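Data file: final-v3.cif. Format and content: mmCIF, C-alpha atoms.
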data_model
#
loop_
_atom_site.label_atom_id
_atom_site.label_comp_id
_atom_site.auth_asym_id
_atom_site.auth_seq_id
_atom_site.Cartn_x
_atom_site.Cartn_y
_atom_site.Cartn_z
CA MET Y 1 -70.78 -32.18 -28.97
CA ASN Y 2 -72.32 -34.14 -26.15
CA VAL Y 3 -70.13 -34.29 -23.03
CA LYS Y 4 -71.14 -36.62 -20.22
CA PRO Y 5 -70.86 -34.62 -16.97
CA ILE Y 6 -69.97 -37.50 -14.63
CA TYR Y 7 -67.01 -38.70 -16.66
CA THR Y 8 -65.97 -35.14 -17.48
CA GLU Y 9 -65.86 -34.15 -13.81
CA ALA Y 10 -63.83 -37.23 -12.89
CA PHE Y 11 -61.47 -36.59 -15.81
CA ILE Y 12 -60.99 -32.95 -14.79
CA ARG Y 13 -60.30 -33.84 -11.16
CA SER Y 14 -57.85 -36.62 -12.05
CA ARG Y 15 -55.93 -34.41 -14.49
CA ALA Y 16 -55.75 -31.55 -11.99
CA ARG Y 17 -54.18 -33.99 -9.50
CA MET Y 18 -51.67 -34.94 -12.21
CA ASP Y 19 -50.67 -31.23 -12.57
CA TRP Y 20 -52.23 -30.72 -15.96
CA SER Y 21 -53.02 -27.10 -16.80
CA ARG Y 22 -56.55 -25.90 -17.51
CA SER Y 23 -55.72 -25.39 -21.17
CA MET Y 24 -54.37 -28.95 -21.44
CA VAL Y 25 -57.61 -30.31 -19.95
CA ALA Y 26 -59.72 -28.18 -22.29
CA GLU Y 27 -57.75 -29.44 -25.27
CA ALA Y 28 -58.04 -33.07 -24.13
CA LEU Y 29 -61.80 -32.72 -23.72
CA GLY Y 30 -62.16 -30.92 -27.04
CA LEU Y 31 -63.77 -27.92 -25.35
CA PRO Y 32 -63.03 -24.25 -25.82
CA PHE Y 33 -61.35 -22.78 -22.75
CA ARG Y 34 -64.37 -20.58 -21.99
CA LYS Y 35 -66.70 -23.57 -21.82
CA LEU Y 36 -64.27 -25.35 -19.52
CA SER Y 37 -64.22 -22.22 -17.34
CA VAL Y 38 -68.02 -22.46 -17.00
CA LEU Y 39 -67.68 -26.10 -15.90
CA LEU Y 40 -64.93 -25.19 -13.45
CA ASP Y 41 -67.13 -22.52 -11.86
CA GLN Y 42 -69.35 -25.40 -10.71
CA MET Y 43 -66.31 -27.24 -9.26
CA PRO Y 44 -64.58 -24.69 -6.98
CA ASP Y 45 -62.67 -27.27 -4.92
CA VAL Y 46 -60.40 -28.43 -7.78
CA ARG Y 47 -56.76 -27.55 -7.05
CA TRP Y 48 -54.75 -26.57 -10.13
CA PRO Y 49 -50.99 -26.25 -10.37
CA GLN Y 50 -49.46 -22.80 -9.87
CA PRO Y 51 -48.65 -20.77 -13.00
CA HIS Y 52 -45.68 -22.20 -14.91
CA GLN Y 53 -45.75 -25.41 -12.83
CA SER Y 54 -47.91 -27.62 -15.04
CA VAL Y 55 -46.67 -30.84 -16.61
CA ALA Y 56 -46.49 -29.24 -20.06
CA VAL Y 57 -44.28 -26.38 -18.88
CA LYS Y 58 -41.98 -28.73 -16.97
CA LEU Y 59 -41.66 -31.04 -19.98
CA SER Y 60 -40.98 -28.08 -22.26
CA ARG Y 61 -38.21 -26.82 -19.98
CA GLU Y 62 -36.70 -30.27 -19.69
CA SER Y 63 -36.69 -30.79 -23.44
CA ARG Y 64 -34.83 -27.51 -23.99
CA ARG Y 65 -32.27 -28.04 -21.23
CA GLY Y 66 -28.73 -28.10 -22.54
CA VAL Y 67 -29.81 -27.50 -26.11
CA ALA Y 68 -27.72 -24.79 -27.73
CA THR Y 69 -27.18 -24.72 -31.45
CA GLU Y 70 -24.09 -23.18 -33.01
CA GLY Y 71 -26.10 -20.25 -34.27
CA LEU Y 72 -27.54 -19.60 -30.80
CA LEU Y 73 -24.08 -19.69 -29.20
CA ARG Y 74 -22.69 -17.37 -31.89
CA ALA Y 75 -25.55 -14.91 -31.43
CA ALA Y 76 -25.15 -14.94 -27.64
CA SER Y 77 -21.40 -14.26 -27.79
CA LYS Y 78 -21.94 -11.48 -30.34
CA ALA Y 79 -24.57 -9.88 -28.09
CA ARG Y 80 -22.22 -10.06 -25.09
CA GLU Y 81 -19.43 -8.42 -27.07
CA GLY Y 82 -21.77 -5.69 -28.27
CA ARG Y 83 -22.95 -4.95 -24.74
CA TYR Y 84 -19.38 -4.90 -23.43
CA GLU Y 85 -18.14 -2.53 -26.15
CA LYS Y 86 -20.82 0.07 -25.49
CA PHE Y 87 -19.66 0.59 -21.88
CA LYS Y 88 -17.20 3.37 -21.25
CA LYS Y 89 -13.67 2.36 -20.21
CA TYR Y 90 -11.89 3.94 -17.25
CA THR Y 91 -8.24 3.76 -16.18
CA ILE Y 92 -6.81 4.00 -12.69
CA GLY Y 93 -3.13 3.22 -12.43
CA GLU Y 94 -2.41 0.34 -14.78
CA HIS Y 95 -5.95 -1.06 -14.70
CA THR Y 96 -8.36 -0.28 -17.53
CA GLY Y 97 -11.91 -1.59 -17.78
CA THR Y 98 -15.55 -0.80 -17.32
CA ASN Y 99 -16.64 0.99 -14.17
CA ARG Y 100 -17.61 -2.32 -12.54
CA GLU Y 101 -14.27 -3.96 -13.42
CA VAL Y 102 -12.28 -1.02 -12.06
CA TYR Y 103 -14.43 -0.98 -8.91
CA ASP Y 104 -13.79 -4.70 -8.38
CA ILE Y 105 -10.06 -3.94 -8.28
CA TRP Y 106 -10.08 -0.61 -6.39
CA GLY Y 107 -13.35 -0.85 -4.45
CA ASP Y 108 -11.76 -1.83 -1.14
CA LEU Y 109 -9.77 1.44 -1.14
CA CYS Y 110 -12.77 3.62 -2.02
CA SER Y 111 -14.59 5.57 0.66
CA VAL Y 112 -17.80 5.60 -1.42
CA SER Y 113 -20.11 2.96 -2.87
CA TYR Y 114 -20.25 1.72 -6.45
CA SER Y 115 -23.54 3.51 -7.10
CA GLN Y 116 -22.09 6.78 -5.76
CA ILE Y 117 -19.11 6.40 -8.10
CA ARG Y 118 -21.45 5.75 -11.01
CA ARG Y 119 -23.45 8.90 -10.22
CA ARG Y 120 -20.28 10.95 -9.88
CA LEU Y 121 -18.99 9.77 -13.25
CA ASP Y 122 -22.36 10.48 -14.86
CA ARG Y 123 -22.12 14.06 -13.57
CA GLY Y 124 -18.73 14.37 -15.28
CA MET Y 125 -16.42 14.07 -12.29
CA ASN Y 126 -12.78 13.10 -12.78
CA VAL Y 127 -12.21 9.31 -12.42
CA LEU Y 128 -9.79 9.61 -9.50
CA ASP Y 129 -12.03 12.09 -7.70
CA ALA Y 130 -15.08 9.91 -8.32
CA TYR Y 131 -13.35 6.91 -6.78
CA PHE Y 132 -11.30 8.38 -3.97
CA LYS Y 133 -12.76 11.75 -2.93
CA PRO Y 134 -14.62 11.31 0.36
CA ASN Y 135 -18.27 12.26 0.71
CA GLU Y 136 -18.93 15.83 1.72
CA THR Y 137 -21.41 16.72 4.41
CA SER Y 138 -24.44 18.86 3.61
CA LYS Y 139 -23.82 22.56 2.88
CA GLY Y 140 -20.09 21.86 2.70
CA TRP Y 141 -19.58 21.97 6.47
CA GLY Y 142 -16.92 19.66 7.80
CA VAL Y 143 -15.65 18.72 4.36
CA ASN Y 144 -13.07 15.97 4.71
CA LYS Y 145 -9.98 17.12 2.83
CA ASP Y 146 -8.05 14.01 3.85
CA TRP Y 147 -7.71 11.50 1.03
CA GLY Y 148 -7.76 8.58 3.46
CA LYS Y 149 -6.43 5.23 2.25
CA VAL Y 150 -5.55 6.28 -1.28
CA PRO Y 151 -2.06 5.14 -2.34
CA GLY Y 152 0.46 7.97 -2.49
CA TRP Y 153 1.42 7.33 -6.11
CA LEU Y 154 -2.21 7.90 -7.15
CA ILE Y 155 -2.36 11.23 -5.34
CA GLU Y 156 0.89 12.27 -6.98
CA ALA Y 157 -0.45 11.24 -10.41
CA ARG Y 158 -3.61 13.28 -9.79
CA GLU Y 159 -1.68 16.36 -8.66
CA SER Y 160 0.71 16.14 -11.61
CA LYS Y 161 -2.27 16.20 -14.04
CA SER Y 162 -3.60 19.41 -12.46
#
What is this structure when it is put down as C-alpha cells?
Amino acid sequence: MNVKPIYTEAFIRSRARMDWSRSMVAEALGLPFRKLSVLLDQMPDVRWPQPHQSVAVKLSRESRRGVATEGLLRAASKAREGRYEKFKKYTIGEHTGTNREVYDIWGDLCSVSYSQIRRRLDRGMNVLDAYFKPNETSKGWGVNKDWGKVPGWLIEARESKS
C-alpha cells in the first residue's frame, strides 16, 4: 500500500482536531495501529482527545442512552433483589431492615458511626449494644456507663432480655 505522506499528515491532523481516536484514524487510513504509531512518532505536536473522549465513544454512549430492553430491566431488578436478600436483617424497636436501613432511622441517636456499628456487629455484638453502647477509652479507663440519648423503652427492652 502506497500512502502519500503529505495528505496523510494533513488527514491525521484534521481528524485529531475533530476528536477522532488514533484507532479510528488508523482504520480510516487502512493502516495497522503500529504503523500509525510510527507515523505519529514523527508528529509529536498532534493533540489527541483524552481517553474515552473521542467521537466514537461519545456517539456510542449517546446511542445507548435510555435504551433498556425488558430483559435488561428484568435482570437488573432480579439482581437488586438478590443483593438485598443476602444482607442480614436487624430489628430495633418496630423497625426491621438491613444495617444501613436501621442506621438511617436510628443513626441520630447513636453515639458511634455507621462503620463502627458494622464492625461491632461483625464481631458478634448484640444489636442494641452495637448501636447504643458508647465507645470505651483505651485500656477500659473512664468507661462511659451512661447510655446517653437512648430512649428509655429501648433500655428497658434490653434489660428485660438479659
Would you work out the distance separating atom CA of Arg61 of chain Y from atom CA of Trp20 of chain Y, expressed in Å to one decimal?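 Computing it gives 15.1 Å between the two atoms.
Compared by their closest atoms to Leu59 of chain Y, and using all atoms listed in the file, the residues Y:Phe132, Y:Asp19, Y:Gly124, Y:Glu9 rank with Y:Asp19 nearest.
In this structure, atom CA of Ser111 of chain Y sits 13.8 Å away from atom CA of Val127 of chain Y.
Across Y:Glu94, Y:Arg22, Y:Asp129, Y:Arg13, the tightest approach to His52 of chain Y is made by Y:Arg22 when counting only C-alpha atoms.
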The PyMOL selection byres ((chain Y and resi 32-47) around 8) applied to the shown file, residues as a ChimeraX atom specification: /Y:13,16-17,22-23,26-27,30-31,48-49
File of the preceding selection, C-alpha atoms, as a compact mmCIF listing (two decimals), in the frame of the given file:
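Output file again_32.txt is given in full below:
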# COMPACT_ATOMS: atom_id res chain seq x y z
CA ARG Y 13 -60.30 -33.84 -11.16
CA ALA Y 16 -55.75 -31.55 -11.99
CA ARG Y 17 -54.18 -33.99 -9.50
CA ARG Y 22 -56.55 -25.90 -17.51
CA SER Y 23 -55.72 -25.39 -21.17
CA ALA Y 26 -59.72 -28.18 -22.29
CA GLU Y 27 -57.75 -29.44 -25.27
CA GLY Y 30 -62.16 -30.92 -27.04
CA LEU Y 31 -63.77 -27.92 -25.35
CA TRP Y 48 -54.75 -26.57 -10.13
CA PRO Y 49 -50.99 -26.25 -10.37
Between atom CA of Arg64 of chain Y and atom CA of Arg15 of chain Y - distance in Å to one decimal: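 The value is 24.1 Å.
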On this structure, which residues satisfy the PyMOL selection byres ((chain Y and resi 116) around 12), written as a PyMOL selection string? chain Y and resi 99+103+107+110-115+117-123+125+129-135
Taking the file as shown, what set of residues would the PyMOL selection byres ((chain Y and resi 91) around 12) give back, as a ChimeraX atom specification? /Y:88-90,92-103,105-106,126-128,131,154
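Comparing Y:Leu73, Y:Arg83, Y:Met24, Y:Leu29 by their smallest distance to Val57 of chain Y, the closest is Y:Met24 (using all atoms listed in the file).
Of the residues under consideration (Y:Thr69, Y:Ser14, Y:Ser77, Y:Ser21), Y:Ser21 shows the shortest atom-to-atom contact distance to Val55 of chain Y when counting only C-alpha atoms.
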